[in-house]
$ cat query03.cif   # mmCIF, C-alpha atoms
data_protein
loop_
_atom_site.label_atom_id
_atom_site.label_comp_id
_atom_site.auth_asym_id
_atom_site.auth_seq_id
_atom_site.Cartn_x
_atom_site.Cartn_y
_atom_site.Cartn_z
CA MET J 1 -15.23 -9.77 -60.32
CA THR J 2 -18.87 -9.33 -59.36
CA GLN J 3 -20.16 -9.71 -55.81
CA GLU J 4 -22.03 -12.85 -56.82
CA ALA J 5 -18.87 -14.40 -58.22
CA MET J 6 -16.96 -13.49 -55.07
CA ASP J 7 -19.68 -15.03 -52.89
CA ASN J 8 -19.62 -18.22 -54.98
CA TYR J 9 -15.84 -18.38 -54.71
CA LEU J 10 -16.00 -17.90 -50.93
CA GLU J 11 -18.62 -20.64 -50.62
CA LEU J 12 -16.53 -23.07 -52.67
CA THR J 13 -13.42 -22.23 -50.67
CA LEU J 14 -15.11 -22.73 -47.29
CA LYS J 15 -16.69 -26.02 -48.39
CA GLU J 16 -13.29 -27.23 -49.62
CA ALA J 17 -11.72 -26.22 -46.29
CA TYR J 18 -14.42 -28.25 -44.54
CA GLU J 19 -13.67 -31.29 -46.73
CA VAL J 20 -9.97 -31.04 -45.95
CA LEU J 21 -10.53 -30.63 -42.20
CA THR J 22 -12.88 -33.60 -42.01
CA SER J 23 -10.65 -35.89 -44.07
CA ASN J 24 -8.62 -38.64 -42.44
CA SER J 25 -5.30 -36.90 -42.93
CA ASP J 26 -3.85 -34.20 -40.69
CA PRO J 27 -4.62 -30.99 -42.61
CA TRP J 28 -2.83 -28.50 -40.40
CA PRO J 29 0.45 -26.86 -41.41
CA ASN J 30 3.16 -27.40 -38.80
CA SER J 31 3.27 -23.68 -38.04
CA PHE J 32 -0.46 -23.49 -37.23
CA GLN J 33 -0.87 -22.91 -33.51
CA SER J 34 -3.85 -24.37 -31.65
CA LYS J 35 -5.40 -20.93 -31.11
CA LYS J 36 -5.29 -20.30 -34.87
CA LYS J 37 -6.88 -23.68 -35.53
CA ILE J 38 -9.71 -22.92 -33.11
CA LYS J 39 -10.28 -19.45 -34.59
CA PHE J 40 -10.41 -20.92 -38.11
CA ILE J 41 -12.84 -23.66 -37.05
CA ASP J 42 -15.03 -21.09 -35.27
CA GLN J 43 -15.24 -19.04 -38.48
CA LEU J 44 -16.29 -22.13 -40.44
CA ILE J 45 -18.92 -22.97 -37.81
CA ILE J 46 -20.37 -19.46 -38.07
CA TYR J 47 -20.51 -19.75 -41.86
CA PHE J 48 -22.25 -23.14 -41.81
CA GLN J 49 -24.67 -22.00 -39.08
CA GLU J 50 -25.74 -19.14 -41.34
CA LYS J 51 -26.29 -21.70 -44.12
CA GLU J 52 -28.19 -23.94 -41.65
CA GLU J 53 -25.83 -26.82 -42.35
CA TYR J 54 -25.85 -28.08 -38.79
CA GLU J 55 -24.38 -31.51 -39.56
CA ARG J 56 -21.22 -29.78 -40.73
CA CYS J 57 -21.23 -27.64 -37.59
CA ALA J 58 -21.38 -30.79 -35.47
CA GLU J 59 -18.39 -32.31 -37.29
CA LEU J 60 -16.41 -29.09 -36.91
CA LEU J 61 -17.28 -28.95 -33.22
CA LYS J 62 -15.82 -32.47 -32.78
CA ILE J 63 -12.60 -31.31 -34.44
CA LYS J 64 -12.54 -28.16 -32.31
CA ASN J 65 -12.95 -30.27 -29.16
CA THR J 66 -10.04 -32.47 -30.24
CA VAL J 67 -7.82 -29.42 -30.80
CA THR J 68 -8.89 -27.95 -27.46
CA ASN J 69 -8.16 -31.23 -25.66
CA GLU J 70 -4.72 -31.43 -27.27
CA MET J 71 -4.03 -27.86 -26.17
CA ASP J 72 -5.18 -28.63 -22.60
CA ASN J 73 -3.04 -31.78 -22.49
CA ARG J 74 0.05 -29.78 -23.52
CA LYS J 75 -0.66 -27.25 -20.77
CA SER J 76 -1.06 -30.03 -18.20
CA SER J 77 2.22 -31.69 -19.12
CA ASN J 78 4.20 -28.45 -18.72
#

$ encode --input "query03.cif" --output "C-alpha coordinates"
Amino acid sequence: MTQEAMDNYLELTLKEAYEVLTSNSDPWPNSFQSKKKIKFIDQLIIYFQEKEEYERCAELLKIKNTVTNEMDNRKSSN
(Lines of atoms letter the chains of each structure in order from A and count residues from 1; the text may use other names and numbers.)
(Lines give C-alpha, C1' and ligand atoms only; values in the text may rest on other atoms or scores of the structure.)
Protein backbone atom coordinates (compact mmCIF):
# COMPACT_ATOMS: atom_id res chain seq x y z
CA MET A 1 0.00 0.00 0.00
CA THR A 2 1.40 3.40 -0.92
CA GLN A 3 1.82 6.23 1.58
CA GLU A 4 -0.91 8.19 -0.19
CA ALA A 5 -3.32 5.29 0.11
CA MET A 6 -2.48 4.88 3.79
CA ASP A 7 -3.03 8.61 4.39
CA ASN A 8 -6.39 8.45 2.61
CA TYR A 9 -7.40 5.42 4.66
CA LEU A 10 -6.39 7.18 7.89
CA GLU A 11 -8.38 10.27 6.92
CA LEU A 12 -11.48 8.21 6.14
CA THR A 13 -11.13 6.28 9.39
CA LEU A 14 -10.78 9.40 11.54
CA LYS A 15 -13.71 11.11 9.83
CA GLU A 16 -15.84 8.00 10.39
CA ALA A 17 -14.79 7.94 14.06
CA TYR A 18 -15.89 11.57 14.31
CA GLU A 19 -19.27 10.75 12.77
CA VAL A 20 -19.80 7.91 15.23
CA LEU A 21 -18.77 10.01 18.24
CA THR A 22 -21.06 12.88 17.29
CA SER A 23 -24.06 10.66 16.57
CA ASN A 24 -26.97 10.44 18.99
CA SER A 25 -26.13 6.93 20.15
CA ASP A 26 -23.57 6.01 22.79
CA PRO A 27 -20.55 4.92 20.72
CA TRP A 28 -18.28 3.75 23.51
CA PRO A 29 -17.61 0.07 24.19
CA ASN A 30 -18.41 -0.87 27.79
CA SER A 31 -14.75 -1.61 28.49
CA PHE A 32 -13.59 1.87 27.40
CA GLN A 33 -12.44 3.78 30.47
CA SER A 34 -12.90 7.55 30.67
CA LYS A 35 -9.15 8.17 30.39
CA LYS A 36 -9.07 6.18 27.14
CA LYS A 37 -12.04 8.13 25.81
CA ILE A 38 -10.32 11.44 26.57
CA LYS A 39 -7.05 10.30 24.99
CA PHE A 40 -8.91 9.18 21.84
CA ILE A 41 -10.83 12.46 21.62
CA ASP A 42 -7.61 14.44 22.11
CA GLN A 43 -6.01 12.59 19.19
CA LEU A 44 -9.00 13.40 16.98
CA ILE A 45 -8.85 17.06 18.02
CA ILE A 46 -5.16 17.22 17.09
CA TYR A 47 -5.92 15.67 13.70
CA PHE A 48 -8.76 18.08 12.92
CA GLN A 49 -6.74 21.08 14.15
CA GLU A 50 -4.04 20.17 11.64
CA LYS A 51 -6.74 20.03 8.94
CA GLU A 52 -8.12 23.39 10.20
CA GLU A 53 -11.55 21.84 10.74
CA TYR A 54 -12.28 23.84 13.86
CA GLU A 55 -16.03 23.17 13.91
CA ARG A 56 -15.25 19.49 14.39
CA CYS A 57 -12.77 20.38 17.13
CA ALA A 58 -15.49 22.33 18.93
CA GLU A 59 -17.90 19.37 18.78
CA LEU A 60 -15.21 17.00 20.04
CA LEU A 61 -14.38 19.40 22.87
CA LYS A 62 -18.05 19.32 23.97
CA ILE A 63 -17.91 15.52 24.05
CA LYS A 64 -14.61 15.60 25.93
CA ASN A 65 -16.12 17.97 28.52
CA THR A 66 -19.06 15.60 28.98
CA VAL A 67 -16.73 12.65 29.53
CA THR A 68 -14.61 14.71 31.95
CA ASN A 69 -17.70 15.80 33.89
CA GLU A 70 -18.91 12.20 34.13
CA MET A 71 -15.49 11.17 35.41
CA ASP A 72 -15.48 13.99 37.99
CA ASN A 73 -19.00 13.08 39.13
CA ARG A 74 -17.94 9.46 39.70
CA LYS A 75 -14.97 10.65 41.76
CA SER A 76 -17.21 12.92 43.84
CA SER A 77 -19.70 10.17 44.61
CA ASN A 78 -16.99 7.81 45.90

$ atom_distance --input "query03.cif" --atom1 "CA of Lys64 (chain J)" --atom2 "CA of Ala17 (chain J)"
14.1 Å

$ resolve_selection --input "query03.cif" --expression "the PyMOL selection byres ((chain J and resi 20-27) around 8)" --output "list in words"
Glu16, Ala17, Tyr18, Glu19, Trp28, Pro29, Glu59, Leu60 and Ile63 of chain J

$ closest_residue --input "query03.cif" --among "J:Gln33, J:Glu4, J:Ile45, J:Glu11" --to "Lys62 (chain J)" --atoms "only C-alpha atoms"
J:Ile45

$ residues_around --input "query03.cif" --residues "Asn65 (chain J)" --least-positions-apart "6" --cutoff "12 Å" --atoms "all atoms listed in the file" --output "list in words"
Ser34, Lys37, Ile38, Ile41, Asp42, Ala58, Glu59, Met71 and Asp72 of chain J

$ write_last_selection --input "query03.cif" --atoms "C-alpha atoms" --output "tab-separated table (two decimals), in the frame of the given file"
chain	number	residue	atom	x	y	z
J	34	SER	CA	-3.85	-24.37	-31.65
J	37	LYS	CA	-6.88	-23.68	-35.53
J	38	ILE	CA	-9.71	-22.92	-33.11
J	41	ILE	CA	-12.84	-23.66	-37.05
J	42	ASP	CA	-15.03	-21.09	-35.27
J	58	ALA	CA	-21.38	-30.79	-35.47
J	59	GLU	CA	-18.39	-32.31	-37.29
J	71	MET	CA	-4.03	-27.86	-26.17
J	72	ASP	CA	-5.18	-28.63	-22.60

$ atom_distance --input "query03.cif" --atom1 "CA of Cys57 (chain J)" --atom2 "CA of Lys39 (chain J)"
14.0 Å

$ atom_distance --input "query03.cif" --atom1 "CA of Phe32 (chain J)" --atom2 "CA of Ser76 (chain J)"
20.1 Å

$ closest_residue --input "query03.cif" --among "J:Thr2, J:Thr66, J:Asn30, J:Thr13" --to "Leu44 (chain J)" --atoms "only C-alpha atoms"
J:Thr13

$ decode --input "query03.cif" --residues "region 12-35 of chain J" --atoms "N, CA and C atoms" --output "mmCIF file, in the first residue's frame"
data_model
loop_
_atom_site.group_PDB
_atom_site.id
_atom_site.type_symbol
_atom_site.label_atom_id
_atom_site.label_comp_id
_atom_site.auth_asym_id
_atom_site.auth_seq_id
_atom_site.Cartn_x
_atom_site.Cartn_y
_atom_site.Cartn_z
ATOM 1 N N LEU J 12 -10.127 8.768 6.148
ATOM 2 C CA LEU J 12 -11.483 8.206 6.140
ATOM 3 C C LEU J 12 -11.841 7.593 7.489
ATOM 4 N N THR J 13 -10.897 6.917 8.098
ATOM 5 C CA THR J 13 -11.131 6.280 9.387
ATOM 6 C C THR J 13 -11.400 7.314 10.476
ATOM 7 N N LEU J 14 -10.598 8.369 10.511
ATOM 8 C CA LEU J 14 -10.775 9.399 11.542
ATOM 9 C C LEU J 14 -12.072 10.168 11.335
ATOM 10 N N LYS J 15 -12.436 10.425 10.085
ATOM 11 C CA LYS J 15 -13.712 11.111 9.830
ATOM 12 C C LYS J 15 -14.888 10.221 10.224
ATOM 13 N N GLU J 16 -14.778 8.928 9.985
ATOM 14 C CA GLU J 16 -15.836 7.996 10.392
ATOM 15 C C GLU J 16 -15.929 7.936 11.915
ATOM 16 N N ALA J 17 -14.792 7.929 12.595
ATOM 17 C CA ALA J 17 -14.786 7.941 14.064
ATOM 18 C C ALA J 17 -15.477 9.197 14.576
ATOM 19 N N TYR J 18 -15.220 10.325 13.941
ATOM 20 C CA TYR J 18 -15.886 11.573 14.313
ATOM 21 C C TYR J 18 -17.405 11.451 14.144
ATOM 22 N N GLU J 19 -17.833 10.907 13.017
ATOM 23 C CA GLU J 19 -19.274 10.745 12.767
ATOM 24 C C GLU J 19 -19.928 9.865 13.828
ATOM 25 N N VAL J 20 -19.250 8.810 14.210
ATOM 26 C CA VAL J 20 -19.799 7.908 15.228
ATOM 27 C C VAL J 20 -19.860 8.617 16.578
ATOM 28 N N LEU J 21 -18.809 9.327 16.938
ATOM 29 C CA LEU J 21 -18.775 10.006 18.237
ATOM 30 C C LEU J 21 -19.816 11.107 18.343
ATOM 31 N N THR J 22 -20.117 11.765 17.248
ATOM 32 C CA THR J 22 -21.062 12.878 17.289
ATOM 33 C C THR J 22 -22.488 12.450 16.977
ATOM 34 N N SER J 23 -22.704 11.155 16.810
ATOM 35 C CA SER J 23 -24.059 10.657 16.566
ATOM 36 C C SER J 23 -24.845 10.674 17.881
ATOM 37 N N ASN J 24 -26.110 10.411 17.803
ATOM 38 C CA ASN J 24 -26.967 10.441 18.987
ATOM 39 C C ASN J 24 -26.834 9.210 19.870
ATOM 40 N N SER J 25 -26.260 8.153 19.351
ATOM 41 C CA SER J 25 -26.129 6.933 20.146
ATOM 42 C C SER J 25 -24.837 6.969 20.964
ATOM 43 N N ASP J 26 -24.774 6.114 21.966
ATOM 44 C CA ASP J 26 -23.569 6.014 22.791
ATOM 45 C C ASP J 26 -22.566 5.123 22.070
ATOM 46 N N PRO J 27 -21.470 5.690 21.559
ATOM 47 C CA PRO J 27 -20.554 4.921 20.721
ATOM 48 C C PRO J 27 -19.506 4.119 21.476
ATOM 49 N N TRP J 28 -19.411 4.312 22.776
ATOM 50 C CA TRP J 28 -18.283 3.748 23.508
ATOM 51 C C TRP J 28 -18.516 2.293 23.894
ATOM 52 N N PRO J 29 -17.526 1.447 23.671
ATOM 53 C CA PRO J 29 -17.606 0.070 24.190
ATOM 54 C C PRO J 29 -17.634 0.110 25.718
ATOM 55 N N ASN J 30 -18.290 -0.842 26.333
ATOM 56 C CA ASN J 30 -18.407 -0.870 27.792
ATOM 57 C C ASN J 30 -17.052 -0.881 28.484
ATOM 58 N N SER J 31 -16.065 -1.483 27.862
ATOM 59 C CA SER J 31 -14.751 -1.608 28.492
ATOM 60 C C SER J 31 -13.892 -0.349 28.353
ATOM 61 N N PHE J 32 -14.367 0.653 27.616
ATOM 62 C CA PHE J 32 -13.587 1.870 27.403
ATOM 63 C C PHE J 32 -13.649 2.741 28.647
ATOM 64 N N GLN J 33 -12.509 2.932 29.286
ATOM 65 C CA GLN J 33 -12.441 3.778 30.471
ATOM 66 C C GLN J 33 -12.425 5.245 30.055
ATOM 67 N N SER J 34 -12.831 6.118 30.974
ATOM 68 C CA SER J 34 -12.904 7.547 30.673
ATOM 69 C C SER J 34 -11.571 8.110 30.204
ATOM 70 N N LYS J 35 -10.468 7.669 30.801
ATOM 71 C CA LYS J 35 -9.154 8.174 30.388
ATOM 72 C C LYS J 35 -8.853 7.795 28.940
#
